[in-house]
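K.L.:
My structure is below; once you've seen it, I'll send some questions.
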Amino acid sequence: MDTMRAARLHVPSRTLTVEDVPKPDPGPGQVRVKVEAAGVCLSDVHLIDGTLSPLYLDGETVTLGHEVAGTVDAVGEGVGGWQPGARVVLQAGESRNGTTYTRGVDYDGGWAEYALATATTLVPLPDTIPFDQASIIPDAVSTPWAAITGTGDVRPGEAVGVWGVGGLGAHGVQLLRAIGAYPVVAVDPAPAARERALAFGADAALDATDPELRAKVLALTGGTGLAAAFDFAGVPAVREQALTVLGPKGRLVLVGLTAHPLTVADGTLFSYLQQQIRGHYGSDEHHVPQLVALTGGGRLDFSRSVSGVLPLEQAAEAVRRTETKEGDPVRLVLRP
């Protein structure tokens, strides 16, 4: 039996090990992909530390990795249109009977030499996009893209705020600038994150601990406040702060995840200004092809987004760096 290396999480014990496992064979409607790059996400950290748990996993162990790019290696019965060697990026999940299953959470992902994928979850990848940059599109880029263009419904010329300039927030800044939002105001307590925000295209980068933050946001927006605010941090204090600088009919979009309650300090004012709070999660299947096309066409550039590439055997080290923010990474990528 052929084997391959894979980074496997034993969910009950939250133990991550890189081990030999059987090389999977594609079944009907499936494609086996030779993994060239796989992103390391904070969600992976939370799966390992127990903050998140798979909802639909069959068994106790799963290969992590929901950000995956590679080449077609073999196709299963009934699969047409894909040939070995074709460059692809994989959707981060799929719908099964109306339920969303996440790759690398509910079924085996791409922290491995090979990964199985339903053929409909493959997106063609142009030769002009490197695998490491392509791998992060299905979450680190598509999640903020969906939040901005879908849930947040941001229009050109609207004033927007981004709280938390990590892997998602940095791309949020870049994408908001790309669609013509103005001004794009980034908020983060970390100086390095604020510098990153400016490098990624923010018009201003403010310290979340600044007592003059509200006055500064109002000054930047001509006194009207923000049309939309995005919480990429998942922190209750961030959400409460963002609500204080929303303008009339402003939208607060919750992208970062937290189990803590959200407090609206002045419910009367919130209603009078007709403001809204909108929950957001992930992206839809059309967002990844959109972003691949925009990147391939030169409208987007993610060369600054990959902070380091580590071999698969160092998966635990990549997780540690992501968790501790050592080196202030935007995204780390594993390469089998």
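Ordering of the structure tokens sets the chain letters (A, B, ...), residue numbers begin anew at 1 in every chain, and ligands are numbered from 1 in the order given.
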Quick one: DSSP helix (DSSP H, G or I) residues in stretch 120-321 of chain A, as a PyMOL selection string?
P.N.:
chain A and resi 120-121+131-135+137-151+167-178+191-199+213-220+236-244+267-272+287-296+312-321
K.L.:
Can you check which parts of stretch 91-167 of chain A lie within 12 Å of stretch 69-86 of chain A? Per residue, the shortest pair of atoms and distance in Å to one decimal, counting only C-alpha atoms, sorted by chain and number, as a Markdown table.
P.N.:
```
| residue | atom | partner | partner_atom | distance |
| --- | --- | --- | --- | --- |
| A:Gln91 | CA | A:Ala69 | CA | 9.4 |
| A:Ala92 | CA | A:Ala69 | CA | 10.6 |
| A:Gly109 | CA | A:Ala69 | CA | 11.1 |
| A:Gly110 | CA | A:Ala69 | CA | 8.3 |
| A:Trp111 | CA | A:Ala69 | CA | 10.7 |
| A:Ala112 | CA | A:Gly70 | CA | 11.1 |
| A:Glu113 | CA | A:Gly70 | CA | 9.7 |
| A:Tyr114 | CA | A:Asp73 | CA | 8.4 |
| A:Ala115 | CA | A:Gly70 | CA | 9.2 |
| A:Leu116 | CA | A:Ala74 | CA | 9.5 |
| A:Ala117 | CA | A:Val75 | CA | 9.8 |
| A:Thr118 | CA | A:Val79 | CA | 9.3 |
| A:Ala119 | CA | A:Val79 | CA | 6.8 |
| A:Thr120 | CA | A:Val79 | CA | 9.4 |
| A:Thr121 | CA | A:Ala69 | CA | 11.6 |
| A:Leu122 | CA | A:Trp82 | CA | 9.3 |
| A:Val123 | CA | A:Ala69 | CA | 9.4 |
| A:Pro124 | CA | A:Ala86 | CA | 7.6 |
| A:Leu125 | CA | A:Ala86 | CA | 8.1 |
| A:Pro126 | CA | A:Ala86 | CA | 9.5 |
| A:Asp127 | CA | A:Ala86 | CA | 9.8 |
| A:Ile129 | CA | A:Ala69 | CA | 10.5 |
| A:Pro130 | CA | A:Ala69 | CA | 9.3 |
| A:Phe131 | CA | A:Ala69 | CA | 5.8 |
| A:Asp132 | CA | A:Ala69 | CA | 7.5 |
| A:Gln133 | CA | A:Ala69 | CA | 8.9 |
| A:Ala134 | CA | A:Ala69 | CA | 6.2 |
| A:Ser135 | CA | A:Ala69 | CA | 4.7 |
| A:Ile136 | CA | A:Ala69 | CA | 8.4 |
| A:Ile137 | CA | A:Ala69 | CA | 9.3 |
| A:Pro138 | CA | A:Ala69 | CA | 9.4 |
```
K.L.:
Would you mind exporting N, CA and C atoms of the selected residues as a PDB file, in the first residue's frame?
P.N.:
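To be explicit, this is the file written out as part05.pdb:
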```pdb
ATOM      1  N   GLN A  91     -11.694  24.786  -3.003  1.00  0.00           N
ATOM      2  CA  GLN A  91     -12.614  25.465  -2.103  1.00  0.00           C
ATOM      3  C   GLN A  91     -12.390  24.947  -0.685  1.00  0.00           C
ATOM      4  N   ALA A  92     -12.659  25.793   0.300  1.00  0.00           N
ATOM      5  CA  ALA A  92     -12.386  25.425   1.696  1.00  0.00           C
ATOM      6  C   ALA A  92     -13.414  24.456   2.270  1.00  0.00           C
ATOM      7  N   GLY A 109      -8.059  17.339   5.130  1.00  0.00           N
ATOM      8  CA  GLY A 109      -7.642  18.513   4.383  1.00  0.00           C
ATOM      9  C   GLY A 109      -6.283  18.358   3.734  1.00  0.00           C
ATOM     10  N   GLY A 110      -5.597  19.494   3.596  1.00  0.00           N
ATOM     11  CA  GLY A 110      -4.419  19.553   2.746  1.00  0.00           C
ATOM     12  C   GLY A 110      -3.072  19.636   3.422  1.00  0.00           C
ATOM     13  N   TRP A 111      -3.004  19.419   4.749  1.00  0.00           N
ATOM     14  CA  TRP A 111      -1.693  19.334   5.374  1.00  0.00           C
ATOM     15  C   TRP A 111      -1.166  17.921   5.153  1.00  0.00           C
ATOM     16  N   ALA A 112      -0.905  17.624   3.905  1.00  0.00           N
ATOM     17  CA  ALA A 112      -0.511  16.276   3.509  1.00  0.00           C
ATOM     18  C   ALA A 112       0.110  16.339   2.122  1.00  0.00           C
ATOM     19  N   GLU A 113       0.705  15.237   1.713  1.00  0.00           N
ATOM     20  CA  GLU A 113       1.286  15.202   0.361  1.00  0.00           C
ATOM     21  C   GLU A 113       0.209  15.142  -0.716  1.00  0.00           C
ATOM     22  N   TYR A 114      -0.928  14.532  -0.384  1.00  0.00           N
ATOM     23  CA  TYR A 114      -2.042  14.436  -1.327  1.00  0.00           C
ATOM     24  C   TYR A 114      -3.347  14.698  -0.579  1.00  0.00           C
ATOM     25  N   ALA A 115      -4.327  15.196  -1.309  1.00  0.00           N
ATOM     26  CA  ALA A 115      -5.642  15.451  -0.717  1.00  0.00           C
ATOM     27  C   ALA A 115      -6.722  15.043  -1.714  1.00  0.00           C
ATOM     28  N   LEU A 116      -7.798  14.480  -1.199  1.00  0.00           N
ATOM     29  CA  LEU A 116      -8.964  14.183  -2.036  1.00  0.00           C
ATOM     30  C   LEU A 116      -9.895  15.387  -2.047  1.00  0.00           C
ATOM     31  N   ALA A 117     -10.523  15.617  -3.197  1.00  0.00           N
ATOM     32  CA  ALA A 117     -11.481  16.717  -3.320  1.00  0.00           C
ATOM     33  C   ALA A 117     -12.598  16.306  -4.267  1.00  0.00           C
ATOM     34  N   THR A 118     -13.816  16.684  -3.931  1.00  0.00           N
ATOM     35  CA  THR A 118     -14.915  16.536  -4.874  1.00  0.00           C
ATOM     36  C   THR A 118     -14.611  17.413  -6.082  1.00  0.00           C
ATOM     37  N   ALA A 119     -14.819  16.890  -7.275  1.00  0.00           N
ATOM     38  CA  ALA A 119     -14.407  17.595  -8.492  1.00  0.00           C
ATOM     39  C   ALA A 119     -14.990  18.993  -8.583  1.00  0.00           C
ATOM     40  N   THR A 120     -16.199  19.170  -8.060  1.00  0.00           N
ATOM     41  CA  THR A 120     -16.848  20.484  -8.140  1.00  0.00           C
ATOM     42  C   THR A 120     -16.209  21.528  -7.238  1.00  0.00           C
ATOM     43  N   THR A 121     -15.295  21.111  -6.355  1.00  0.00           N
ATOM     44  CA  THR A 121     -14.644  22.076  -5.464  1.00  0.00           C
ATOM     45  C   THR A 121     -13.288  22.533  -5.992  1.00  0.00           C
ATOM     46  N   LEU A 122     -12.919  22.095  -7.193  1.00  0.00           N
ATOM     47  CA  LEU A 122     -11.658  22.519  -7.804  1.00  0.00           C
ATOM     48  C   LEU A 122     -11.865  23.793  -8.618  1.00  0.00           C
ATOM     49  N   VAL A 123     -10.921  24.713  -8.498  1.00  0.00           N
ATOM     50  CA  VAL A 123     -10.939  25.959  -9.268  1.00  0.00           C
ATOM     51  C   VAL A 123      -9.648  26.023 -10.075  1.00  0.00           C
ATOM     52  N   PRO A 124      -9.729  26.216 -11.399  1.00  0.00           N
ATOM     53  CA  PRO A 124      -8.509  26.279 -12.213  1.00  0.00           C
ATOM     54  C   PRO A 124      -7.604  27.429 -11.760  1.00  0.00           C
ATOM     55  N   LEU A 125      -6.309  27.172 -11.769  1.00  0.00           N
ATOM     56  CA  LEU A 125      -5.339  28.158 -11.294  1.00  0.00           C
ATOM     57  C   LEU A 125      -4.384  28.527 -12.427  1.00  0.00           C
ATOM     58  N   PRO A 126      -4.334  29.809 -12.824  1.00  0.00           N
ATOM     59  CA  PRO A 126      -3.420  30.225 -13.897  1.00  0.00           C
ATOM     60  C   PRO A 126      -1.959  30.019 -13.506  1.00  0.00           C
ATOM     61  N   ASP A 127      -1.113  29.861 -14.511  1.00  0.00           N
ATOM     62  CA  ASP A 127       0.314  29.677 -14.268  1.00  0.00           C
ATOM     63  C   ASP A 127       0.942  30.896 -13.597  1.00  0.00           C
ATOM     64  N   ILE A 129      -0.021  32.610 -11.045  1.00  0.00           N
ATOM     65  CA  ILE A 129      -0.201  32.735  -9.595  1.00  0.00           C
ATOM     66  C   ILE A 129       0.581  31.621  -8.899  1.00  0.00           C
ATOM     67  N   PRO A 130       1.581  31.959  -8.084  1.00  0.00           N
ATOM     68  CA  PRO A 130       2.342  30.919  -7.374  1.00  0.00           C
ATOM     69  C   PRO A 130       1.448  30.130  -6.422  1.00  0.00           C
ATOM     70  N   PHE A 131       1.799  28.878  -6.203  1.00  0.00           N
ATOM     71  CA  PHE A 131       0.972  28.016  -5.357  1.00  0.00           C
ATOM     72  C   PHE A 131       0.826  28.556  -3.937  1.00  0.00           C
ATOM     73  N   ASP A 132       1.923  29.099  -3.376  1.00  0.00           N
ATOM     74  CA  ASP A 132       1.823  29.548  -1.987  1.00  0.00           C
ATOM     75  C   ASP A 132       0.833  30.704  -1.853  1.00  0.00           C
ATOM     76  N   GLN A 133       0.825  31.618  -2.820  1.00  0.00           N
ATOM     77  CA  GLN A 133      -0.128  32.722  -2.775  1.00  0.00           C
ATOM     78  C   GLN A 133      -1.545  32.231  -3.060  1.00  0.00           C
ATOM     79  N   ALA A 134      -1.669  31.284  -3.968  1.00  0.00           N
ATOM     80  CA  ALA A 134      -2.996  30.764  -4.319  1.00  0.00           C
ATOM     81  C   ALA A 134      -3.629  30.030  -3.149  1.00  0.00           C
ATOM     82  N   SER A 135      -2.808  29.337  -2.353  1.00  0.00           N
ATOM     83  CA  SER A 135      -3.370  28.485  -1.310  1.00  0.00           C
ATOM     84  C   SER A 135      -4.175  29.255  -0.287  1.00  0.00           C
ATOM     85  N   ILE A 136      -3.828  30.525  -0.039  1.00  0.00           N
ATOM     86  CA  ILE A 136      -4.509  31.272   1.015  1.00  0.00           C
ATOM     87  C   ILE A 136      -5.799  31.933   0.538  1.00  0.00           C
ATOM     88  N   ILE A 137      -6.044  31.914  -0.771  1.00  0.00           N
ATOM     89  CA  ILE A 137      -7.243  32.574  -1.300  1.00  0.00           C
ATOM     90  C   ILE A 137      -8.535  31.991  -0.733  1.00  0.00           C
ATOM     91  N   PRO A 138      -8.664  30.661  -0.557  1.00  0.00           N
ATOM     92  CA  PRO A 138      -9.965  30.108  -0.140  1.00  0.00           C
ATOM     93  C   PRO A 138     -10.437  30.478   1.257  1.00  0.00           C
TER      94      PRO A 138
END
```
K.L.:
Closest to A:Gly234 among A:Val31, A:Leu42, A:Ala192, A:Ala318, using only C-alpha atoms?
P.N.:
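With only C-alpha atoms as the atom set, the closest residue is A:Leu42.
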K.L.:
Excluding A:Val187 and any residue of its chain fewer than 4 positions from it, enumerate the residues within 7 Å of it, using only C-alpha atoms, and give them as a count of residues only.
P.N.:
7
K.L.:
When you look at A:Tyr56 with a cut-off of 10 Å (counting only C-alpha atoms), what residues show up, excluding the ones that are within fewer than 2 positions of it in the same chain? I need them as a PyMOL selection string.
P.N.:
chain A and resi 53-54+58-59+99-102+105-107
K.L.:
Next, write the just-selected residues to a file, as a short mmCIF file (atom, residue, chain, number, x, y, z; two decimals), in the first residue's frame, keeping N, CA, C and O atoms as the atom set.
P.N.:
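This went into selection.cif:
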```cif
data_model
loop_
_atom_site.label_atom_id
_atom_site.label_comp_id
_atom_site.auth_asym_id
_atom_site.auth_seq_id
_atom_site.Cartn_x
_atom_site.Cartn_y
_atom_site.Cartn_z
N SER A 53 -14.31 22.76 17.54
CA SER A 53 -14.41 21.32 17.38
C SER A 53 -15.18 21.00 16.11
O SER A 53 -16.12 21.71 15.76
N PRO A 54 -14.78 19.94 15.40
CA PRO A 54 -15.53 19.54 14.20
C PRO A 54 -16.95 19.13 14.56
O PRO A 54 -17.18 18.48 15.59
N ASP A 58 -16.32 12.22 10.81
CA ASP A 58 -16.58 10.79 10.97
C ASP A 58 -15.32 10.15 11.55
O ASP A 58 -14.36 9.86 10.84
N GLY A 59 -15.28 9.96 12.85
CA GLY A 59 -14.09 9.43 13.51
C GLY A 59 -13.51 10.46 14.46
O GLY A 59 -14.10 11.50 14.75
N THR A 99 -25.88 20.90 4.13
CA THR A 99 -25.00 21.17 5.27
C THR A 99 -23.59 21.46 4.76
O THR A 99 -23.08 20.76 3.89
N THR A 100 -22.96 22.52 5.31
CA THR A 100 -21.61 22.87 4.90
C THR A 100 -20.58 22.07 5.68
O THR A 100 -20.55 22.11 6.92
N TYR A 101 -19.76 21.32 4.96
CA TYR A 101 -18.65 20.57 5.54
C TYR A 101 -17.36 21.32 5.21
O TYR A 101 -17.13 21.70 4.05
N THR A 102 -16.52 21.52 6.21
CA THR A 102 -15.29 22.27 6.02
C THR A 102 -14.10 21.33 5.85
O THR A 102 -13.90 20.41 6.66
N VAL A 105 -11.48 20.03 8.61
CA VAL A 105 -12.20 20.10 9.88
C VAL A 105 -13.15 18.90 9.97
O VAL A 105 -13.03 18.04 10.84
N ASP A 106 -14.08 18.85 9.01
CA ASP A 106 -15.08 17.79 8.99
C ASP A 106 -14.65 16.61 8.11
O ASP A 106 -15.26 15.54 8.16
N TYR A 107 -13.64 16.82 7.28
CA TYR A 107 -13.05 15.75 6.48
C TYR A 107 -11.60 16.13 6.19
O TYR A 107 -11.21 17.29 6.40
#
```
K.L.:
Using only C-alpha atoms, which of A:Val45, A:Ala242, A:Leu16, A:Leu9 sits nearest A:Thr322?
P.N.:
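Result for the nearest residue to A:Thr322: A:Val45.
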K.L.:
Report the distance between atom CA of A:Thr295 and atom CA of A:Pro311 in Å, rounded to one decimal place.
P.N.:
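Atom-to-atom, atom CA of A:Thr295 and atom CA of A:Pro311 are spaced 25.4 Å apart.
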